[in-house]
$ cat model-v6.cif   # mmCIF, C-alpha atoms and all ligand atoms
data_start
loop_
_atom_site.group_PDB
_atom_site.id
_atom_site.type_symbol
_atom_site.label_atom_id
_atom_site.label_comp_id
_atom_site.auth_asym_id
_atom_site.auth_seq_id
_atom_site.Cartn_x
_atom_site.Cartn_y
_atom_site.Cartn_z
ATOM 1 C CA LEU G 1 -30.853 -1.616 -13.416
ATOM 2 C CA ALA G 2 -29.962 2.096 -13.561
ATOM 3 C CA LEU G 3 -31.014 2.434 -9.942
ATOM 4 C CA ALA G 4 -28.933 -0.566 -8.890
ATOM 5 C CA LEU G 5 -25.857 0.743 -10.714
ATOM 6 C CA GLY G 6 -26.322 4.200 -9.257
ATOM 7 C CA SER G 7 -26.519 2.950 -5.691
ATOM 8 C CA SER G 8 -23.608 0.541 -6.016
ATOM 9 C CA ALA G 9 -21.445 3.344 -7.449
ATOM 10 C CA SER G 10 -22.245 5.569 -4.489
ATOM 11 C CA ILE G 11 -21.347 3.020 -1.801
ATOM 12 C CA HIS G 12 -17.979 2.101 -3.347
ATOM 13 C CA ALA G 13 -15.886 5.197 -2.808
ATOM 14 C CA GLY G 14 -12.716 5.062 -4.889
ATOM 15 C CA THR G 15 -9.313 4.850 -3.236
ATOM 16 C CA LEU G 16 -8.602 8.521 -3.989
ATOM 17 C CA GLU G 17 -11.626 9.501 -1.897
ATOM 18 C CA THR G 18 -10.592 7.136 0.899
ATOM 19 C CA ILE G 19 -7.071 8.624 0.948
ATOM 20 C CA GLN G 20 -8.403 12.172 1.145
ATOM 21 C CA HIS G 21 -10.968 11.197 3.744
ATOM 22 C CA ASN G 22 -8.260 9.550 5.913
ATOM 23 C CA HIS G 23 -5.749 12.334 5.186
ATOM 24 C CA ALA G 24 -3.309 9.449 4.717
ATOM 25 C CA LEU G 25 -1.820 7.270 2.007
ATOM 26 C CA ARG G 26 -1.422 3.769 3.471
ATOM 27 C CA VAL G 27 1.435 1.978 1.735
ATOM 28 C CA CYS G 28 2.100 -1.763 1.968
ATOM 29 C CA PHE G 29 5.710 -2.855 1.605
ATOM 30 C CA GLU G 30 8.032 -5.422 3.099
ATOM 31 C CA ALA G 31 11.322 -4.129 4.468
ATOM 32 C CA GLY G 32 14.378 -6.180 3.485
ATOM 33 C CA TYR G 33 14.549 -5.580 -0.271
ATOM 34 C CA MET G 34 17.570 -3.309 -0.382
ATOM 35 C CA PRO G 35 17.792 -0.534 -1.487
ATOM 36 C CA PHE G 36 14.032 -0.254 -2.138
ATOM 37 C CA GLU G 37 12.833 -0.732 1.447
ATOM 38 C CA MET G 38 14.934 -1.518 4.483
ATOM 39 C CA LYS G 39 15.477 -0.589 8.115
ATOM 40 C CA ASP G 40 18.251 1.803 9.080
ATOM 41 C CA LYS G 41 20.274 1.367 12.305
ATOM 42 C CA ASN G 42 17.482 2.967 14.326
ATOM 43 C CA GLY G 43 14.751 0.790 12.857
ATOM 44 C CA LYS G 44 13.456 3.534 10.583
ATOM 45 C CA ASP G 45 12.139 2.530 7.139
ATOM 46 C CA ILE G 46 14.264 3.947 4.343
ATOM 47 C CA GLY G 47 14.794 3.300 0.633
ATOM 48 C CA PHE G 48 13.906 4.189 -2.945
ATOM 49 C CA ASP G 49 10.267 3.033 -2.672
ATOM 50 C CA ILE G 50 9.826 4.736 0.718
ATOM 51 C CA ASP G 51 11.047 8.067 -0.681
ATOM 52 C CA ILE G 52 8.750 7.799 -3.720
ATOM 53 C CA ALA G 53 5.817 6.896 -1.435
ATOM 54 C CA LYS G 54 6.485 9.982 0.697
ATOM 55 C CA LEU G 55 6.655 12.134 -2.424
ATOM 56 C CA MET G 56 3.347 10.662 -3.590
ATOM 57 C CA ALA G 57 1.664 11.395 -0.250
ATOM 58 C CA LYS G 58 3.046 14.936 -0.369
ATOM 59 C CA SER G 59 1.624 15.450 -3.872
ATOM 60 C CA MET G 60 -1.796 14.514 -2.446
ATOM 61 C CA ALA G 61 -1.269 16.720 0.632
ATOM 62 C CA VAL G 62 -1.866 13.750 2.961
ATOM 63 C CA ASP G 63 0.268 11.849 5.492
ATOM 64 C CA TYR G 64 2.362 8.849 4.562
ATOM 65 C CA THR G 65 1.369 5.761 6.586
ATOM 66 C CA PRO G 66 3.751 2.776 6.323
ATOM 67 C CA VAL G 67 2.218 -0.715 6.486
ATOM 68 C CA ASN G 68 5.072 -3.220 6.794
ATOM 69 C CA THR G 69 3.673 -6.586 5.646
ATOM 70 C CA ALA G 70 5.151 -10.081 5.159
ATOM 71 C CA TRP G 71 5.815 -10.654 1.455
ATOM 72 C CA ASP G 72 3.647 -13.731 1.042
ATOM 73 C CA GLY G 73 0.642 -11.861 2.476
ATOM 74 C CA ILE G 74 1.127 -8.555 0.703
ATOM 75 C CA ILE G 75 -1.467 -9.012 -2.078
ATOM 76 C CA PRO G 76 -4.085 -10.311 0.398
ATOM 77 C CA ALA G 77 -3.317 -7.258 2.603
ATOM 78 C CA LEU G 78 -4.060 -4.962 -0.346
ATOM 79 C CA MET G 79 -7.197 -6.876 -1.273
ATOM 80 C CA THR G 80 -8.559 -6.723 2.279
ATOM 81 C CA ASP G 81 -7.952 -2.961 2.453
ATOM 82 C CA LYS G 82 -5.037 -2.948 4.941
ATOM 83 C CA CYS G 83 -3.430 -0.415 2.608
ATOM 84 C CA ASP G 84 -4.243 1.680 -0.453
ATOM 85 C CA ILE G 85 -1.282 0.603 -2.564
ATOM 86 C CA VAL G 86 1.660 -1.809 -2.643
ATOM 87 C CA MET G 87 4.973 -0.029 -3.301
ATOM 88 C CA SER G 88 7.430 -2.794 -2.695
ATOM 89 C CA GLY G 89 9.531 -3.581 -5.744
ATOM 90 C CA MET G 90 6.801 -5.863 -7.005
ATOM 91 C CA THR G 91 7.334 -7.435 -10.410
ATOM 92 C CA ILE G 92 4.374 -7.049 -12.749
ATOM 93 C CA THR G 93 3.558 -10.658 -13.588
ATOM 94 C CA ALA G 94 0.564 -11.984 -15.505
ATOM 95 C CA GLU G 95 -0.399 -14.172 -12.548
ATOM 96 C CA ARG G 96 -0.464 -11.241 -10.082
ATOM 97 C CA ASN G 97 -2.148 -9.049 -12.687
ATOM 98 C CA LEU G 98 -5.143 -11.405 -12.656
ATOM 99 C CA LYS G 99 -5.760 -10.249 -9.072
ATOM 100 C CA VAL G 100 -4.535 -6.654 -8.925
ATOM 101 C CA ASN G 101 -3.951 -3.675 -11.209
ATOM 102 C CA PHE G 102 -0.483 -2.278 -11.764
ATOM 103 C CA ALA G 103 0.515 1.261 -12.642
ATOM 104 C CA ASP G 104 3.083 1.613 -15.429
ATOM 105 C CA PRO G 105 6.531 0.221 -14.506
ATOM 106 C CA TYR G 106 8.780 2.590 -12.541
ATOM 107 C CA ILE G 107 11.957 0.553 -13.082
ATOM 108 C CA VAL G 108 12.986 -2.657 -14.867
ATOM 109 C CA VAL G 109 15.133 -5.317 -13.184
ATOM 110 C CA GLY G 110 15.794 -9.038 -13.612
ATOM 111 C CA GLN G 111 17.052 -12.085 -11.745
ATOM 112 C CA THR G 112 20.792 -12.532 -11.262
ATOM 113 C CA VAL G 113 23.037 -15.018 -9.446
ATOM 114 C CA LEU G 114 24.900 -14.251 -6.231
ATOM 115 C CA LEU G 115 27.476 -17.027 -6.188
ATOM 116 C CA SER G 116 29.707 -18.557 -3.556
ATOM 117 C CA PRO G 117 33.373 -18.125 -4.617
ATOM 118 C CA ALA G 118 33.775 -21.913 -4.078
ATOM 119 C CA TYR G 119 31.842 -22.353 -7.355
ATOM 120 C CA LYS G 120 33.729 -19.814 -9.426
ATOM 121 C CA ASP G 121 35.237 -22.376 -11.825
ATOM 122 C CA LYS G 122 32.053 -24.429 -12.194
ATOM 123 C CA VAL G 123 29.321 -21.824 -12.550
ATOM 124 C CA HIS G 124 29.430 -19.093 -15.180
ATOM 125 C CA ASN G 125 25.698 -18.446 -15.620
ATOM 126 C CA PHE G 126 22.417 -19.508 -14.018
ATOM 127 C CA ARG G 127 22.111 -22.641 -16.196
ATOM 128 C CA ASP G 128 25.283 -24.082 -14.663
ATOM 129 C CA LEU G 129 23.378 -24.257 -11.351
ATOM 130 C CA ASN G 130 20.862 -26.739 -12.752
ATOM 131 C CA ASN G 131 22.436 -29.767 -11.178
ATOM 132 C CA PRO G 132 21.078 -32.194 -8.516
ATOM 133 C CA SER G 133 24.104 -31.639 -6.261
ATOM 134 C CA THR G 134 23.674 -27.850 -6.253
ATOM 135 C CA ILE G 135 21.776 -26.001 -3.530
ATOM 136 C CA VAL G 136 20.155 -22.777 -4.705
ATOM 137 C CA ILE G 137 18.491 -20.306 -2.346
ATOM 138 C CA THR G 138 15.783 -17.749 -3.016
ATOM 139 C CA LYS G 139 12.973 -15.967 -1.192
ATOM 140 C CA LEU G 140 9.489 -17.378 -0.630
ATOM 141 C CA GLY G 141 6.774 -16.122 -2.969
ATOM 142 C CA THR G 142 9.015 -13.946 -5.097
ATOM 143 C CA THR G 143 9.726 -14.091 -8.804
ATOM 144 C CA GLY G 144 13.098 -15.573 -7.778
ATOM 145 C CA ASP G 145 11.165 -18.479 -6.214
ATOM 146 C CA ILE G 146 8.995 -18.962 -9.319
ATOM 147 C CA VAL G 147 11.881 -18.707 -11.781
ATOM 148 C CA ALA G 148 14.287 -20.919 -9.801
ATOM 149 C CA LYS G 149 11.702 -23.712 -9.596
ATOM 150 C CA LYS G 150 10.934 -23.405 -13.299
ATOM 151 C CA MET G 151 14.369 -22.828 -14.834
ATOM 152 C CA LEU G 152 16.496 -24.752 -12.318
ATOM 153 C CA ASP G 153 14.211 -27.767 -11.981
ATOM 154 C CA LYS G 154 17.110 -30.198 -11.371
ATOM 155 C CA ALA G 155 18.783 -28.189 -8.605
ATOM 156 C CA GLN G 156 17.844 -28.295 -4.897
ATOM 157 C CA ILE G 157 15.839 -25.108 -4.388
ATOM 158 C CA ARG G 158 15.445 -23.827 -0.806
ATOM 159 C CA VAL G 159 13.274 -20.835 0.001
ATOM 160 C CA PHE G 160 13.803 -18.416 2.881
ATOM 161 C CA GLU G 161 11.452 -15.804 4.270
ATOM 162 C CA SER G 162 14.003 -13.019 4.273
ATOM 163 C CA GLU G 163 16.595 -11.907 1.756
ATOM 164 C CA ALA G 164 19.197 -11.479 4.532
ATOM 165 C CA ASP G 165 18.825 -15.092 5.742
ATOM 166 C CA GLY G 166 18.991 -16.362 2.166
ATOM 167 C CA VAL G 167 22.193 -14.511 1.319
ATOM 168 C CA MET G 168 23.667 -15.713 4.640
ATOM 169 C CA GLU G 169 23.419 -19.332 3.440
ATOM 170 C CA VAL G 170 25.731 -18.491 0.542
ATOM 171 C CA LEU G 171 28.111 -16.492 2.748
ATOM 172 C CA ASN G 172 28.259 -19.443 5.183
ATOM 173 C CA GLY G 173 29.059 -21.876 2.376
ATOM 174 C CA LYS G 174 25.796 -23.812 2.906
ATOM 175 C CA ALA G 175 24.559 -23.077 -0.612
ATOM 176 C CA ALA G 176 26.034 -22.408 -4.031
ATOM 177 C CA ALA G 177 23.945 -19.411 -4.965
ATOM 178 C CA PHE G 178 21.188 -16.963 -4.136
ATOM 179 C CA ILE G 179 18.822 -16.115 -7.002
ATOM 180 C CA TYR G 180 17.176 -12.709 -6.761
ATOM 181 C CA ASP G 181 16.492 -9.288 -8.282
ATOM 182 C CA LEU G 182 19.677 -7.590 -9.515
ATOM 183 C CA PRO G 183 19.567 -4.509 -7.247
ATOM 184 C CA LEU G 184 19.513 -6.543 -4.030
ATOM 185 C CA ASN G 185 22.292 -8.827 -5.244
ATOM 186 C CA ALA G 186 24.382 -5.798 -6.265
ATOM 187 C CA PHE G 187 23.789 -4.317 -2.800
ATOM 188 C CA TYR G 188 25.081 -7.463 -1.007
ATOM 189 C CA LYS G 189 28.004 -7.787 -3.425
ATOM 190 C CA ALA G 190 29.040 -4.201 -2.649
ATOM 191 C CA GLN G 191 28.895 -4.976 1.094
ATOM 192 C CA ASN G 192 30.771 -8.281 0.986
ATOM 193 C CA GLY G 193 33.445 -7.848 -1.683
ATOM 194 C CA ASP G 194 35.365 -11.067 -2.443
ATOM 195 C CA LYS G 195 33.074 -13.194 -0.262
ATOM 196 C CA LEU G 196 30.481 -13.188 -3.053
ATOM 197 C CA ILE G 197 30.566 -13.284 -6.858
ATOM 198 C CA HIS G 198 27.765 -11.441 -8.669
ATOM 199 C CA LEU G 199 26.899 -12.881 -12.096
ATOM 200 C CA ASN G 200 25.143 -9.644 -12.925
ATOM 201 C CA THR G 201 23.633 -10.287 -16.350
ATOM 202 C CA PRO G 202 19.862 -10.549 -15.702
ATOM 203 C CA PHE G 203 18.263 -13.722 -17.063
ATOM 204 C CA THR G 204 14.646 -12.535 -16.696
ATOM 205 C CA TYR G 205 12.811 -9.346 -17.708
ATOM 206 C CA GLU G 206 11.000 -7.822 -14.715
ATOM 207 C CA PRO G 207 9.229 -4.474 -14.802
ATOM 208 C CA LEU G 208 8.348 -3.364 -11.250
ATOM 209 C CA GLY G 209 5.085 -1.549 -10.600
ATOM 210 C CA TRP G 210 2.801 -0.225 -7.868
ATOM 211 C CA ALA G 211 -0.181 -2.509 -7.257
ATOM 212 C CA ILE G 212 -3.718 -1.368 -6.435
ATOM 213 C CA ARG G 213 -7.088 -3.066 -6.180
ATOM 214 C CA GLN G 214 -8.905 -3.819 -9.414
ATOM 215 C CA GLY G 215 -11.624 -1.560 -10.769
ATOM 216 C CA ASP G 216 -10.219 1.831 -9.753
ATOM 217 C CA ALA G 217 -9.488 3.716 -12.976
ATOM 218 C CA ASP G 218 -9.292 7.066 -11.168
ATOM 219 C CA PHE G 219 -6.480 5.969 -8.867
ATOM 220 C CA LEU G 220 -4.648 4.268 -11.747
ATOM 221 C CA ASN G 221 -4.878 7.489 -13.759
ATOM 222 C CA PHE G 222 -3.493 9.454 -10.801
ATOM 223 C CA LEU G 223 -0.552 7.052 -10.401
ATOM 224 C CA ASN G 224 0.495 7.036 -14.041
ATOM 225 C CA ASN G 225 0.382 10.815 -14.200
ATOM 226 C CA PHE G 226 2.300 11.099 -10.916
ATOM 227 C CA LEU G 227 4.959 8.756 -12.339
ATOM 228 C CA ARG G 228 5.219 10.744 -15.563
ATOM 229 C CA GLN G 229 5.597 13.938 -13.546
ATOM 230 C CA ILE G 230 8.406 12.714 -11.268
ATOM 231 C CA LYS G 231 10.216 11.146 -14.240
ATOM 232 C CA GLY G 232 10.045 14.448 -16.103
ATOM 233 C CA ASP G 233 10.776 16.965 -13.366
ATOM 234 C CA GLY G 234 14.008 15.456 -12.032
ATOM 235 C CA SER G 235 12.720 14.103 -8.710
ATOM 236 C CA TYR G 236 12.817 10.470 -9.881
ATOM 237 C CA ASP G 237 16.406 10.906 -11.130
ATOM 238 C CA ARG G 238 17.456 12.531 -7.871
ATOM 239 C CA LEU G 239 16.110 9.574 -5.856
ATOM 240 C CA TYR G 240 17.546 7.057 -8.311
ATOM 241 C CA GLN G 241 20.987 8.592 -7.850
ATOM 242 C CA LYS G 242 20.578 8.683 -4.087
ATOM 243 C CA TRP G 243 19.822 4.948 -3.830
ATOM 244 C CA PHE G 244 21.518 3.328 -6.819
ATOM 245 C CA GLU G 245 24.527 5.409 -7.756
ATOM 246 C CA ASP G 246 26.181 6.357 -4.467
HETATM 247 N N1 LIG H 301 10.570 -8.304 -7.544
HETATM 248 C C1 LIG H 301 10.415 -9.501 -6.776
HETATM 249 C C2 LIG H 301 8.973 -9.948 -6.815
HETATM 250 O O1 LIG H 301 8.125 -9.204 -7.200
HETATM 251 C C3 LIG H 301 10.872 -9.342 -5.332
HETATM 252 C C4 LIG H 301 10.260 -8.209 -4.585
HETATM 253 C C5 LIG H 301 10.467 -8.316 -3.103
HETATM 254 N N2 LIG H 301 10.079 -7.122 -2.435
HETATM 255 C C6 LIG H 301 10.186 -6.921 -1.120
HETATM 256 N N3 LIG H 301 9.870 -5.773 -0.664
HETATM 257 N N4 LIG H 301 10.580 -7.864 -0.300
HETATM 258 O O2 LIG H 301 8.655 -11.060 -6.461
#

$ encode --input "model-v6.cif" --output "structure tokens"
Amino acid sequence: LALALGSSASIHAGTLETIQHNHALRVCFEAGYMPFEMKDKNGKDIGFDIDIAKLMAKSMAVDYTPVNTAWDGIIPALMTDKCDIVMSGMTITAERNLKVNFADPYIVVGQTVLLSPAYKDKVHNFRDLNNPSTIVITKLGTTGDIVAKKMLDKAQIRVFESEADGVMEVLNGKAAAFIYDLPLNAFYKAQNGDKLIHLNTPFTYEPLGWAIRQGDADFLNFLNNFLRQIKGDGSYDRLYQKWFED
């Protein structure tokens, strides 16, 4: 048994060794979740998560390698070693936590309602959407998807593959509301002014965390200490202000 354990330990290099061996931190994310990860006018990836990922790579003295991945395949991509970590505004849920490990939360958000002004007299909170004649949009495979189907079981829920397409349905008057994480809804509200109403009291509690493969205590230890460091030394606050308070 000792021999078997010894040999299995030696063939499974931890992620920290892989990162140093590759001289690169490979980060899975899906662009489109503003302002965490998005494309600028030139197609460059920018955002809060991207900046933290670059800082993390720098702290390891390795390159930052972006791995842009469709949301509904992002956990499988991690599990099949397409990347070392998911840094993509992922909510720490019990269901996901059965498959992956999460570092401590780096921010807490919740679901809010981005409402069409046509519904301003009828809908004052998310419960008012729970009506068979009401079309509610969210994004495939997200906590918005899970929560809308559970809490708005009488409404017509339609899922889109991108946040932008989903919000467009509300802007075009094809749907009453878009259900999603507060920061993205606040971002679209700021861009569209009176064309959208943001009911901005979150109705879920959602800590976001970086996901890694199970069974890698060394990497998890690194991540939680890295997070504590950037929260204490001002770099987290600087990035928070850059992306959320401008
Ligand atoms: N927080 C939500 C979730 O975990 C949405 C995250 C979407 N992230 C993205 N990069 N598209 O389901």

$ resolve_selection --input "model-v6.cif" --expression "the PyMOL selection byres (((chain G and resi 48) around 7) and not hetatm)" --output "ChimeraX atom specification"
/G:35-37,47,49-52,239,243

$ resolve_selection --input "model-v6.cif" --expression "the PyMOL selection byres (((chain G and resi 153) around 12) and not hetatm)" --output "VMD selection string"
chain G and resid 126 to 132 134 to 136 145 to 152 154 to 158

$ closest_residue --input "model-v6.cif" --among "G:Ile107, G:Ile19, G:Met79, G:Ile197" --to "ligand LIG 301 (chain H)" --atoms "only C-alpha atoms and all ligand atoms"
G:Ile107

$ resolve_selection --input "model-v6.cif" --expression "the PyMOL selection byres (((not hetatm)) within 6 of (chain H and resi 301))" --output "ChimeraX atom specification"
/G:29-33,71,88-91,142-143

$ residues_around --input "model-v6.cif" --residues "region 212-228 of chain G" --least-positions-apart "5" --cutoff "9 Å" --atoms "all atoms listed in the file" --output "ChimeraX atom specification"
/G:14-16,56,59,78-79,81,84-86,99-106,233,236

$ closest_residue --input "model-v6.cif" --among "G:Gly234, G:Gly173, G:Gly73, G:Gly110" --to "Thr201 (chain G)" --atoms "only C-alpha atoms"
G:Gly110

$ closest_residue --input "model-v6.cif" --among "G:Lys54, G:Arg96, G:Lys120, G:His23" --to "Asp194 (chain G)" --atoms "all atoms listed in the file"
G:Lys120

$ closest_residue --input "model-v6.cif" --among "G:Ala211, G:Ala190, G:Thr80, G:Asn200" --to "Glu245 (chain G)" --atoms "all atoms listed in the file"
G:Ala190

$ build_atoms --input "model-v6.cif" --residues "region 28-62 of chain G" --atoms "N, CA and C atoms" --output "PDB file, keeping the file's coordinate frame"
ATOM      1  N   CYS G  28       1.570  -0.447   1.611  1.00  0.00           N
ATOM      2  CA  CYS G  28       2.100  -1.763   1.968  1.00  0.00           C
ATOM      3  C   CYS G  28       3.468  -1.965   1.319  1.00  0.00           C
ATOM      4  N   PHE G  29       4.394  -2.465   2.114  1.00  0.00           N
ATOM      5  CA  PHE G  29       5.710  -2.855   1.605  1.00  0.00           C
ATOM      6  C   PHE G  29       6.269  -3.876   2.579  1.00  0.00           C
ATOM      7  N   GLU G  30       7.337  -4.529   2.173  1.00  0.00           N
ATOM      8  CA  GLU G  30       8.032  -5.422   3.099  1.00  0.00           C
ATOM      9  C   GLU G  30       9.497  -5.030   3.158  1.00  0.00           C
ATOM     10  N   ALA G  31       9.929  -4.547   4.306  1.00  0.00           N
ATOM     11  CA  ALA G  31      11.322  -4.129   4.468  1.00  0.00           C
ATOM     12  C   ALA G  31      12.241  -5.335   4.297  1.00  0.00           C
ATOM     13  N   GLY G  32      13.404  -5.103   3.675  1.00  0.00           N
ATOM     14  CA  GLY G  32      14.378  -6.180   3.485  1.00  0.00           C
ATOM     15  C   GLY G  32      14.845  -6.305   2.051  1.00  0.00           C
ATOM     16  N   TYR G  33      14.188  -5.558   1.145  1.00  0.00           N
ATOM     17  CA  TYR G  33      14.549  -5.580  -0.271  1.00  0.00           C
ATOM     18  C   TYR G  33      15.395  -4.330  -0.544  1.00  0.00           C
ATOM     19  N   MET G  34      16.675  -4.446  -0.232  1.00  0.00           N
ATOM     20  CA  MET G  34      17.570  -3.309  -0.382  1.00  0.00           C
ATOM     21  C   MET G  34      17.847  -3.008  -1.860  1.00  0.00           C
ATOM     22  N   PRO G  35      17.989  -1.762  -2.279  1.00  0.00           N
ATOM     23  CA  PRO G  35      17.792  -0.534  -1.487  1.00  0.00           C
ATOM     24  C   PRO G  35      16.395   0.075  -1.668  1.00  0.00           C
ATOM     25  N   PHE G  36      15.396  -0.770  -1.923  1.00  0.00           N
ATOM     26  CA  PHE G  36      14.032  -0.254  -2.138  1.00  0.00           C
ATOM     27  C   PHE G  36      13.308   0.027  -0.815  1.00  0.00           C
ATOM     28  N   GLU G  37      13.436  -0.928   0.115  1.00  0.00           N
ATOM     29  CA  GLU G  37      12.833  -0.732   1.447  1.00  0.00           C
ATOM     30  C   GLU G  37      13.613  -1.550   2.449  1.00  0.00           C
ATOM     31  N   MET G  38      14.103  -0.863   3.473  1.00  0.00           N
ATOM     32  CA  MET G  38      14.934  -1.518   4.483  1.00  0.00           C
ATOM     33  C   MET G  38      14.888  -0.702   5.759  1.00  0.00           C
ATOM     34  N   LYS G  39      15.417  -1.291   6.837  1.00  0.00           N
ATOM     35  CA  LYS G  39      15.477  -0.589   8.115  1.00  0.00           C
ATOM     36  C   LYS G  39      16.869   0.030   8.273  1.00  0.00           C
ATOM     37  N   ASP G  40      16.932   1.259   8.740  1.00  0.00           N
ATOM     38  CA  ASP G  40      18.251   1.803   9.080  1.00  0.00           C
ATOM     39  C   ASP G  40      18.618   1.342  10.493  1.00  0.00           C
ATOM     40  N   LYS G  41      19.774   1.824  10.997  1.00  0.00           N
ATOM     41  CA  LYS G  41      20.274   1.367  12.305  1.00  0.00           C
ATOM     42  C   LYS G  41      19.270   1.606  13.433  1.00  0.00           C
ATOM     43  N   ASN G  42      18.453   2.639  13.276  1.00  0.00           N
ATOM     44  CA  ASN G  42      17.482   2.967  14.326  1.00  0.00           C
ATOM     45  C   ASN G  42      16.104   2.341  14.102  1.00  0.00           C
ATOM     46  N   GLY G  43      16.028   1.452  13.104  1.00  0.00           N
ATOM     47  CA  GLY G  43      14.751   0.790  12.857  1.00  0.00           C
ATOM     48  C   GLY G  43      13.791   1.591  11.994  1.00  0.00           C
ATOM     49  N   LYS G  44      14.287   2.688  11.442  1.00  0.00           N
ATOM     50  CA  LYS G  44      13.456   3.534  10.583  1.00  0.00           C
ATOM     51  C   LYS G  44      13.419   2.947   9.163  1.00  0.00           C
ATOM     52  N   ASP G  45      12.251   3.004   8.517  1.00  0.00           N
ATOM     53  CA  ASP G  45      12.139   2.530   7.139  1.00  0.00           C
ATOM     54  C   ASP G  45      12.757   3.543   6.185  1.00  0.00           C
ATOM     55  N   ILE G  46      13.657   3.075   5.348  1.00  0.00           N
ATOM     56  CA  ILE G  46      14.264   3.947   4.343  1.00  0.00           C
ATOM     57  C   ILE G  46      14.342   3.208   3.011  1.00  0.00           C
ATOM     58  N   GLY G  47      14.580   3.936   1.925  1.00  0.00           N
ATOM     59  CA  GLY G  47      14.794   3.300   0.633  1.00  0.00           C
ATOM     60  C   GLY G  47      14.143   4.051  -0.512  1.00  0.00           C
ATOM     61  N   PHE G  48      14.411   3.579  -1.708  1.00  0.00           N
ATOM     62  CA  PHE G  48      13.906   4.189  -2.945  1.00  0.00           C
ATOM     63  C   PHE G  48      12.373   4.224  -2.947  1.00  0.00           C
ATOM     64  N   ASP G  49      11.742   3.077  -2.684  1.00  0.00           N
ATOM     65  CA  ASP G  49      10.267   3.033  -2.672  1.00  0.00           C
ATOM     66  C   ASP G  49       9.682   3.938  -1.593  1.00  0.00           C
ATOM     67  N   ILE G  50      10.327   3.936  -0.410  1.00  0.00           N
ATOM     68  CA  ILE G  50       9.826   4.736   0.718  1.00  0.00           C
ATOM     69  C   ILE G  50       9.854   6.225   0.344  1.00  0.00           C
ATOM     70  N   ASP G  51      10.952   6.662  -0.284  1.00  0.00           N
ATOM     71  CA  ASP G  51      11.047   8.067  -0.681  1.00  0.00           C
ATOM     72  C   ASP G  51       9.996   8.424  -1.739  1.00  0.00           C
ATOM     73  N   ILE G  52       9.769   7.521  -2.695  1.00  0.00           N
ATOM     74  CA  ILE G  52       8.750   7.799  -3.720  1.00  0.00           C
ATOM     75  C   ILE G  52       7.360   7.836  -3.074  1.00  0.00           C
ATOM     76  N   ALA G  53       7.117   6.934  -2.127  1.00  0.00           N
ATOM     77  CA  ALA G  53       5.817   6.896  -1.435  1.00  0.00           C
ATOM     78  C   ALA G  53       5.567   8.204  -0.682  1.00  0.00           C
ATOM     79  N   LYS G  54       6.624   8.710  -0.041  1.00  0.00           N
ATOM     80  CA  LYS G  54       6.485   9.982   0.697  1.00  0.00           C
ATOM     81  C   LYS G  54       6.210  11.142  -0.250  1.00  0.00           C
ATOM     82  N   LEU G  55       6.877  11.107  -1.402  1.00  0.00           N
ATOM     83  CA  LEU G  55       6.655  12.134  -2.424  1.00  0.00           C
ATOM     84  C   LEU G  55       5.213  12.077  -2.941  1.00  0.00           C
ATOM     85  N   MET G  56       4.711  10.851  -3.102  1.00  0.00           N
ATOM     86  CA  MET G  56       3.347  10.662  -3.590  1.00  0.00           C
ATOM     87  C   MET G  56       2.348  11.219  -2.574  1.00  0.00           C
ATOM     88  N   ALA G  57       2.557  10.890  -1.299  1.00  0.00           N
ATOM     89  CA  ALA G  57       1.664  11.395  -0.250  1.00  0.00           C
ATOM     90  C   ALA G  57       1.688  12.926  -0.233  1.00  0.00           C
ATOM     91  N   LYS G  58       2.899  13.481  -0.363  1.00  0.00           N
ATOM     92  CA  LYS G  58       3.046  14.936  -0.369  1.00  0.00           C
ATOM     93  C   LYS G  58       2.272  15.565  -1.534  1.00  0.00           C
ATOM     94  N   SER G  59       2.327  14.899  -2.703  1.00  0.00           N
ATOM     95  CA  SER G  59       1.624  15.450  -3.872  1.00  0.00           C
ATOM     96  C   SER G  59       0.107  15.437  -3.675  1.00  0.00           C
ATOM     97  N   MET G  60      -0.365  14.578  -2.749  1.00  0.00           N
ATOM     98  CA  MET G  60      -1.796  14.514  -2.446  1.00  0.00           C
ATOM     99  C   MET G  60      -2.151  15.361  -1.223  1.00  0.00           C
ATOM    100  N   ALA G  61      -1.111  15.950  -0.610  1.00  0.00           N
ATOM    101  CA  ALA G  61      -1.269  16.720   0.632  1.00  0.00           C
ATOM    102  C   ALA G  61      -1.876  15.881   1.754  1.00  0.00           C
ATOM    103  N   VAL G  62      -1.427  14.634   1.863  1.00  0.00           N
ATOM    104  CA  VAL G  62      -1.866  13.750   2.961  1.00  0.00           C
ATOM    105  C   VAL G  62      -0.634  13.148   3.642  1.00  0.00           C
TER     106      VAL G  62
END
